Amino acid sequence: MESEGDRWFERNQMALNSFDASADLPLKLVELYKLRPERVVEIGAANGFRLAAIHARTGADVVAVEPSARAILNGKASFPFVAFVRGAASSVPLRESFDLVIVNFVFHWIDRANLLRSVAEVDRLVQDGGFLIIGDFHPANRLQVPYHHLKNEDVRTFKQNYAATFIGSGLYHPVCLLTGDHAGKELDAKVGEGERIGAWLIRKVLHGHYIKSETGGRRA
């Protein structure tokens, strides 16, 4: 909140200005499944560049949750139709729920002490029947990687399948997984372990999928 969020935005601002919506895996999922959400929130939204593309395509109300004050200032000037809220994934200052929630390349930054709290916050924002898009590194194993931008500090990032945590609850159901190459941001069937990225589209269903039991809990 106080340092690296702004530094990340400074390093990547030029790339965000030339954002190619056609190559973005979360947007590919929105188009592939013809999603037309009414209310969308993105956690870790930077200056709202992806939400701006969704708003242009669907007319949805869009909300950006972002820790970087500089990213928010830039976003308010660039995309005045995006509602910005300063916050982190582990404590989202919103009360309402949304029919589409996007968390793209955020989970691998989160300290393990805050991971399940962040998962709960994301889940709280997804309405019953709504969709969640999770984009992140997608290795076959769980990887722990030193964060090279802070070489003198013991900071690490964590690469793993974060959608599995939601799917494993039984309340989220897989719709689609797209995998690609982190460097080229393109679909790639042969990308290596460390550079494979994935974008999951999963759907939240609280009750309709449960099979009714006739035993009433009685022991056999």
# chains A, B, ... in the order shown; residues from 1 in each chain; ligands from 1
$ residues_around --residues "A:Glu96" --least-positions-apart "6" --cutoff "10 Å" --atoms "only C-alpha atoms" --output "ChimeraX atom specification"
/A:39,124-127
$ write_last_selection --atoms "C-alpha atoms" --output "compact mmCIF listing (two decimals), in the first residue's frame"
# COMPACT_ATOMS: atom_id res chain seq x y z
CA ARG A 39 -21.83 -5.29 -12.21
CA ARG A 124 -17.85 -12.65 -0.43
CA LEU A 125 -17.96 -10.42 -3.51
CA VAL A 126 -19.26 -13.11 -5.92
CA GLN A 127 -23.04 -13.37 -5.90
$ residues_around --residues "A:Arg57" --least-positions-apart "5" --cutoff "10 Å" --atoms "only C-alpha atoms" --output "mmCIF file with N, CA and C atoms, in the first residue's frame"
data_model
loop_
_atom_site.group_PDB
_atom_site.id
_atom_site.type_symbol
_atom_site.label_atom_id
_atom_site.label_comp_id
_atom_site.auth_asym_id
_atom_site.auth_seq_id
_atom_site.Cartn_x
_atom_site.Cartn_y
_atom_site.Cartn_z
ATOM 1 N N VAL A 30 -14.461 -13.739 -21.257
ATOM 2 C CA VAL A 30 -15.716 -12.983 -21.302
ATOM 3 C C VAL A 30 -16.363 -13.103 -22.672
ATOM 4 N N GLU A 31 -15.563 -12.989 -23.723
ATOM 5 C CA GLU A 31 -16.097 -13.059 -25.083
ATOM 6 C C GLU A 31 -16.452 -14.485 -25.472
ATOM 7 N N ARG A 36 -22.362 -11.204 -20.201
ATOM 8 C CA ARG A 36 -22.842 -9.838 -20.232
ATOM 9 C C ARG A 36 -23.201 -9.408 -18.811
ATOM 10 N N LEU A 51 -11.175 -3.046 -16.969
ATOM 11 C CA LEU A 51 -12.568 -2.700 -16.707
ATOM 12 C C LEU A 51 -13.104 -1.740 -17.757
ATOM 13 N N ALA A 52 -12.246 -0.842 -18.247
ATOM 14 C CA ALA A 52 -12.672 0.076 -19.306
ATOM 15 C C ALA A 52 -13.073 -0.701 -20.552
#
$ closest_residue --among "A:Ile202, A:Leu73, A:Ala164, A:Ala83" --to "A:Leu100" --atoms "only C-alpha atoms"
A:Ile202
$ residues_around --residues "A:Gln160" --least-positions-apart "3" --cutoff "12 Å" --atoms "only C-alpha atoms" --output "list in words"
Phe105, Val106, Phe107, His108, Trp109, Ile110, Ile134, Gly135, Asp136, Phe137, His138, Pro139, Ala140, Asn141, Arg142, Leu143, Gln144, Val145, Thr157, Ala163, Ala164, Thr165, Glu193, Gly194, Glu195, Arg196, Ile197 and Gly198 of chain A
$ residues_around --residues "stretch 6-19 of chain A" --least-positions-apart "3" --cutoff "8 Å" --atoms "only C-alpha atoms" --output "PyMOL selection string"
chain A and resi 1-3+46+49+68-71
$ closest_residue --among "A:Ala60, A:Val103, A:Ala88, A:Ile72" --to "A:Val40" --atoms "only C-alpha atoms"
A:Ala60
$ closest_residue --among "A:Ala89, A:Val63, A:Leu206, A:Ile43" --to "A:Asp111" --atoms "only C-alpha atoms"
A:Ala89
$ select_by_dssp --residues "chain A" --states "helix (DSSP H, G or I)" --output "ChimeraX atom specification"
/A:4-17,21-23,25-32,49-58,69-78,107-109,112-125,163-168,193-195
$ decode --residues "stretch 149-200 of chain A" --atoms "C-alpha atoms" --output "PDB file, in the first residue's frame"
ATOM      1  CA  HIS A 149      12.452  -6.169  -7.668  1.00  0.00           C
ATOM      2  CA  LEU A 150      13.245  -6.206  -3.925  1.00  0.00           C
ATOM      3  CA  LYS A 151      16.535  -8.083  -3.914  1.00  0.00           C
ATOM      4  CA  ASN A 152      17.607  -6.956  -0.432  1.00  0.00           C
ATOM      5  CA  GLU A 153      14.384  -8.048   1.257  1.00  0.00           C
ATOM      6  CA  ASP A 154      12.993 -11.501   1.983  1.00  0.00           C
ATOM      7  CA  VAL A 155       9.956 -11.167  -0.278  1.00  0.00           C
ATOM      8  CA  ARG A 156       8.658 -14.077  -2.320  1.00  0.00           C
ATOM      9  CA  THR A 157       5.873 -14.755  -4.786  1.00  0.00           C
ATOM     10  CA  PHE A 158       3.940 -17.998  -4.954  1.00  0.00           C
ATOM     11  CA  LYS A 159       2.905 -19.718  -8.175  1.00  0.00           C
ATOM     12  CA  GLN A 160       0.099 -22.277  -7.982  1.00  0.00           C
ATOM     13  CA  ASN A 161      -3.403 -23.090  -9.207  1.00  0.00           C
ATOM     14  CA  TYR A 162      -5.496 -20.662  -7.137  1.00  0.00           C
ATOM     15  CA  ALA A 163      -8.792 -21.640  -8.736  1.00  0.00           C
ATOM     16  CA  ALA A 164      -8.388 -25.073  -7.129  1.00  0.00           C
ATOM     17  CA  THR A 165      -9.044 -23.565  -3.695  1.00  0.00           C
ATOM     18  CA  PHE A 166     -12.431 -22.253  -4.819  1.00  0.00           C
ATOM     19  CA  ILE A 167     -13.342 -25.364  -6.823  1.00  0.00           C
ATOM     20  CA  GLY A 168     -12.335 -27.602  -3.910  1.00  0.00           C
ATOM     21  CA  SER A 169     -14.995 -25.960  -1.726  1.00  0.00           C
ATOM     22  CA  GLY A 170     -17.712 -27.551  -3.861  1.00  0.00           C
ATOM     23  CA  LEU A 171     -19.327 -24.139  -4.334  1.00  0.00           C
ATOM     24  CA  TYR A 172     -17.501 -23.176  -7.538  1.00  0.00           C
ATOM     25  CA  HIS A 173     -17.733 -25.106 -10.768  1.00  0.00           C
ATOM     26  CA  PRO A 174     -15.148 -25.016 -13.565  1.00  0.00           C
ATOM     27  CA  VAL A 175     -16.289 -23.522 -16.853  1.00  0.00           C
ATOM     28  CA  CYS A 176     -13.040 -23.011 -18.756  1.00  0.00           C
ATOM     29  CA  LEU A 177      -9.255 -22.804 -18.360  1.00  0.00           C
ATOM     30  CA  LEU A 178      -7.058 -21.024 -20.903  1.00  0.00           C
ATOM     31  CA  THR A 179      -3.288 -21.446 -20.613  1.00  0.00           C
ATOM     32  CA  GLY A 180      -0.525 -19.488 -22.260  1.00  0.00           C
ATOM     33  CA  ASP A 181       2.929 -17.962 -22.073  1.00  0.00           C
ATOM     34  CA  HIS A 182       3.656 -15.205 -19.554  1.00  0.00           C
ATOM     35  CA  ALA A 183       6.197 -13.425 -21.740  1.00  0.00           C
ATOM     36  CA  GLY A 184       4.133 -13.331 -24.933  1.00  0.00           C
ATOM     37  CA  LYS A 185       0.691 -13.234 -23.276  1.00  0.00           C
ATOM     38  CA  GLU A 186      -0.451 -15.691 -25.943  1.00  0.00           C
ATOM     39  CA  LEU A 187      -2.098 -19.098 -25.892  1.00  0.00           C
ATOM     40  CA  ASP A 188       0.683 -21.676 -25.917  1.00  0.00           C
ATOM     41  CA  ALA A 189       0.352 -25.445 -25.511  1.00  0.00           C
ATOM     42  CA  LYS A 190       4.080 -26.052 -24.939  1.00  0.00           C
ATOM     43  CA  VAL A 191       5.122 -23.310 -22.524  1.00  0.00           C
ATOM     44  CA  GLY A 192       7.442 -24.357 -19.701  1.00  0.00           C
ATOM     45  CA  GLU A 193       6.606 -24.852 -16.039  1.00  0.00           C
ATOM     46  CA  GLY A 194       7.827 -21.494 -14.730  1.00  0.00           C
ATOM     47  CA  GLU A 195       6.235 -19.322 -17.421  1.00  0.00           C
ATOM     48  CA  ARG A 196       2.859 -21.032 -17.864  1.00  0.00           C
ATOM     49  CA  ILE A 197      -0.075 -18.781 -17.043  1.00  0.00           C
ATOM     50  CA  GLY A 198      -3.699 -19.731 -16.708  1.00  0.00           C
ATOM     51  CA  ALA A 199      -7.014 -17.921 -16.706  1.00  0.00           C
ATOM     52  CA  TRP A 200      -9.910 -19.760 -15.109  1.00  0.00           C
TER      53      TRP A 200
END
